[in-house]
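Asks: My structure file entry.txt, compact mmCIF, C-alpha atoms, is below:
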```txt
# COMPACT_ATOMS: atom_id res chain seq x y z
CA LEU A 256 0.00 0.00 0.00
CA THR A 257 2.77 2.41 0.94
CA SER A 258 4.59 1.93 -2.35
CA GLU A 259 1.36 2.42 -4.36
CA VAL A 260 0.58 5.65 -2.48
CA MET A 261 4.14 6.91 -2.96
CA MET A 262 4.09 6.11 -6.69
CA SER A 263 0.77 7.91 -7.09
CA LEU A 264 2.15 10.93 -5.22
CA ARG A 265 5.29 10.99 -7.39
CA ASN A 266 3.22 10.85 -10.58
CA THR A 267 0.91 13.61 -9.31
CA THR A 268 3.90 15.77 -8.32
CA LYS A 269 5.47 15.31 -11.76
CA SER A 270 2.30 16.44 -13.51
CA LYS A 271 2.03 19.48 -11.19
CA SER A 272 -1.72 19.06 -11.27
CA ARG A 273 -4.10 17.69 -8.68
CA MET A 274 -5.95 14.46 -9.32
CA ASN A 275 -9.66 14.28 -8.71
CA SER A 276 -10.01 12.57 -5.33
CA ASP A 277 -12.73 10.23 -6.63
CA GLY A 278 -10.24 8.93 -9.18
CA ILE A 279 -7.85 7.60 -6.52
CA ALA A 280 -9.15 4.16 -5.60
CA LEU A 281 -6.77 3.81 -2.65
CA LEU A 282 -8.46 6.69 -0.83
CA LYS A 283 -11.61 4.62 -0.48
CA GLU A 284 -9.60 2.08 1.53
CA LEU A 285 -8.50 4.60 4.18
CA PRO A 286 -10.32 4.91 7.52
CA GLU A 287 -13.03 7.58 7.55
CA SER A 288 -11.09 9.78 9.98
CA MET A 289 -8.09 9.81 7.64
CA ARG A 290 -10.28 10.53 4.58
CA GLN A 291 -11.82 13.44 6.51
CA ALA A 292 -8.38 14.81 7.38
CA LEU A 293 -7.34 14.56 3.71
CA LYS A 294 -10.52 16.35 2.63
CA ASN A 295 -9.66 19.18 5.00
CA GLU A 296 -6.14 19.38 3.57
CA ILE A 297 -7.42 19.41 -0.01
CA PHE A 298 -10.45 21.70 0.27
CA LEU A 299 -9.73 24.20 3.05
CA PRO A 300 -6.97 26.21 1.32
CA ALA A 301 -9.28 27.15 -1.56
CA ALA A 302 -12.47 27.57 0.49
CA THR A 303 -10.86 29.83 3.07
CA MET A 304 -10.07 32.38 0.36
CA HIS A 305 -13.73 33.38 0.77
CA PRO A 306 -14.21 35.83 3.69
CA PHE A 307 -17.32 34.20 5.19
CA LEU A 308 -16.00 30.66 4.85
CA ARG A 309 -12.66 31.72 6.35
CA LYS A 310 -14.55 32.60 9.57
CA MET A 311 -17.18 29.86 9.50
CA LEU A 312 -15.25 26.72 8.51
CA PRO A 313 -12.86 26.59 11.51
CA LEU A 314 -15.89 26.82 13.84
CA GLU A 315 -17.62 24.00 11.98
CA LEU A 316 -14.48 21.86 12.06
CA GLU A 317 -14.34 22.24 15.84
CA ARG A 318 -17.85 20.77 15.95
CA GLY A 319 -16.88 17.68 13.96
CA GLY A 320 -16.43 18.93 10.41
CA ALA A 321 -19.65 17.56 8.90
CA ILE A 322 -19.73 20.62 6.62
CA MET A 323 -16.82 19.16 4.64
CA GLY A 324 -19.26 16.52 3.37
CA ALA A 325 -20.68 19.21 1.07
CA PHE A 326 -17.30 19.66 -0.68
CA PHE A 327 -16.06 17.74 -3.73
CA ASP A 328 -13.49 18.23 -6.44
CA SER A 329 -13.46 17.80 -10.18
CA ALA A 330 -10.98 18.11 -13.02
CA LEU A 331 -11.81 19.84 -16.28
CA VAL A 332 -9.87 19.61 -19.51
CA LYS A 333 -9.52 22.44 -22.00
CA ARG A 334 -12.93 23.52 -23.41
CA ASP A 335 -14.98 21.63 -20.78
CA LEU A 336 -17.93 23.63 -19.47
CA LEU A 337 -18.25 23.96 -15.71
CA PHE A 338 -21.76 25.38 -16.16
CA LYS A 339 -23.98 26.93 -18.81
CA LEU A 340 -26.18 30.01 -19.09
CA ASN A 341 -29.55 29.56 -17.40
CA GLU A 342 -28.69 26.29 -15.64
CA THR A 343 -29.85 26.14 -12.04
CA ALA A 344 -26.75 26.64 -9.92
CA GLY A 345 -26.32 23.73 -7.53
CA CYS A 346 -22.80 24.59 -6.38
CA MET A 347 -20.33 27.31 -5.51
CA HIS A 348 -16.99 26.71 -7.25
CA PHE A 349 -13.36 27.58 -6.43
CA VAL A 350 -10.57 27.35 -8.98
CA ALA A 351 -7.75 25.33 -7.39
CA SER A 352 -5.51 25.36 -10.48
CA GLY A 353 -5.81 26.30 -14.12
CA ARG A 354 -8.02 28.99 -15.67
CA LEU A 355 -11.65 29.41 -16.59
CA GLN A 356 -13.20 31.94 -18.94
CA TYR A 357 -16.58 33.34 -17.93
CA PHE A 358 -18.84 34.45 -20.79
CA CYS A 359 -21.96 36.48 -20.10
CA CYS A 360 -24.18 38.92 -21.98
CA LEU A 361 -21.36 41.50 -21.82
CA GLY A 362 -18.93 39.12 -23.56
CA PRO A 363 -15.86 37.41 -22.11
CA GLN A 364 -15.01 38.51 -18.57
CA PRO A 365 -11.61 38.44 -16.84
CA TYR A 366 -10.14 34.99 -16.36
CA VAL A 367 -11.12 33.06 -13.26
CA LYS A 368 -7.85 31.88 -11.69
CA PRO A 369 -6.81 30.09 -8.51
CA LYS A 370 -8.02 31.82 -5.34
CA HIS A 371 -11.16 32.99 -7.18
CA TRP A 372 -14.67 31.61 -6.96
CA LEU A 373 -17.88 31.49 -8.98
CA SER A 374 -21.58 31.04 -8.24
CA GLU A 375 -21.57 31.99 -4.57
CA ALA A 376 -25.26 32.89 -4.95
CA ALA A 377 -26.05 29.15 -5.15
CA LEU A 378 -25.36 28.94 -1.39
CA TRP A 379 -27.81 31.69 -0.48
CA ILE A 380 -30.51 31.90 -3.18
CA GLN A 381 -32.90 29.04 -3.93
CA ASP A 382 -33.00 28.08 -7.64
CA TRP A 383 -30.48 30.74 -8.65
CA ARG A 384 -29.52 30.43 -12.32
CA HIS A 385 -26.16 30.98 -13.96
CA MET A 386 -25.91 34.25 -15.86
CA GLY A 387 -23.35 32.92 -18.34
CA ASP A 388 -21.05 30.05 -19.30
CA ALA A 389 -17.82 29.04 -17.54
CA GLN A 390 -15.35 27.15 -19.72
CA ALA A 391 -11.91 25.71 -18.94
CA LEU A 392 -9.10 27.35 -20.90
CA THR A 393 -6.56 24.83 -19.61
CA ARG A 394 -6.60 21.74 -17.43
CA THR A 395 -8.48 23.16 -14.44
CA ASP A 396 -9.05 21.69 -11.00
CA VAL A 397 -12.22 22.91 -9.29
CA ILE A 398 -13.33 22.54 -5.69
CA SER A 399 -17.09 22.82 -5.31
CA ILE A 400 -19.59 23.10 -2.50
CA ASN A 401 -22.91 21.35 -3.09
CA ALA A 402 -25.36 24.09 -2.09
CA ALA A 403 -28.20 21.80 -0.93
CA ASP A 404 -25.85 19.73 1.24
CA PHE A 405 -24.16 22.86 2.60
CA LYS A 406 -27.49 24.41 3.64
CA GLU A 407 -28.75 21.19 5.21
CA ILE A 408 -25.56 20.57 7.20
CA LEU A 409 -25.40 24.21 8.31
CA LYS A 410 -29.07 24.14 9.35
CA ARG A 411 -28.51 20.96 11.38
CA SER A 412 -25.42 22.47 12.99
CA ILE A 413 -27.31 25.61 14.00
CA GLN A 414 -30.18 23.54 15.45
CA GLU A 415 -27.78 21.35 17.44
CA SER A 416 -26.01 24.41 18.85
CA GLY A 417 -29.29 25.93 20.04
CA VAL A 418 -28.48 29.22 18.27
CA GLY A 419 -31.42 29.15 15.84
```
The structure given in the file should be rewritten as structure tokens.
Replies:
Amino acid sequence: LTSEVMMSLRNTTKSKSRMNSDGIALLKELPESMRQALKNEIFLPAATMHPFLRKMLPLELERGGAIMGAFFDSALVKRDLLFKLNETAGCMHFVASGRLQYFCCLGPQPYVKPKHWLSEAALWIQDWRHMGDAQALTRTDVISINAADFKEILKRSIQESGVG
């Protein structure tokens, strides 16, 4: 197992690009606590670029980290669409590596690069629709938050804390 993990890490390091975590079969064999710790390592750096999440996520992690269950990653190749105009937005997205181009009614917008995010409104507005297309210009790794899961986990956390 150790040699397989090390080989996978060497290959990933050589490519200088993250692998989609679902594509690494060995991760499914790890204990849940270790998978959770890896999720935190993978997703927190991008998510904490956002001011609200930077404050909220550490508090949620202290309470057990269930909120990380709403996070997932994906890999896009050049010309893949992340989302299309008028689609219902189900996720907020962070660019972990690569570049996206956002096209809306005003034409192409500035590139979306690492440390930037798209579709934040999906977390706060029910049935919000995308106002344009987002397309990968290069191999692009994206970290996403499933809005429905995020809201449900956050609601449960608030109820359990007695705040709401």
Asks: Could you jot down the CA of Thr303 (chain A) to CA of Asp335 (chain A) separation for me, Å, one decimal place?
Replies: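 According to the coordinates, CA of Thr303 (chain A) and CA of Asp335 (chain A) are separated by 25.6 Å.
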Asks: Would you mind listing what lies within 7 Å of region 404-412 of chain A as a VMD selection string, with all atoms listed in the file counted and same-chain residues fewer than 3 positions away left out?
Replies: chain A and resid 321 to 322 325 400 to 401 415 to 416
Asks: Which of these residues is nearest to Ala351 (chain A), using all atoms listed in the file: A:Asp382, A:Asp396, A:Glu296, A:Glu284?
Replies: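 Between A:Asp382, A:Asp396, A:Glu296, A:Glu284, the residue approaching Ala351 (chain A) most closely is A:Asp396.
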Asks: Report as a PDB file with C-alpha atoms, in the coordinates of the input all protein, DNA and RNA residues lying within 6 Å of Gly353 (chain A), evaluated on only C-alpha atoms, omitting residues in the same chain fewer than 2 positions from it.
Replies:
```pdb
ATOM      1  CA  THR A 393      -6.560  24.830 -19.610  1.00  0.00           C
ATOM      2  CA  ARG A 394      -6.600  21.740 -17.430  1.00  0.00           C
ATOM      3  CA  THR A 395      -8.480  23.160 -14.440  1.00  0.00           C
TER       4      THR A 395
END
```
Asks: Given the choices A:Leu392, A:Met347, A:Leu373, A:Leu299, which gets closest to Met311 (chain A) if the distance is worked out from all atoms listed in the file?
Replies: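 For Met311 (chain A), the nearest of the given residues is A:Leu299.
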Asks: Can you tell me how far CA of His348 (chain A) sits from CA of Leu285 (chain A), in Å to one decimal?
Replies: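 Distance reported for this atom pair: 26.3 Å.
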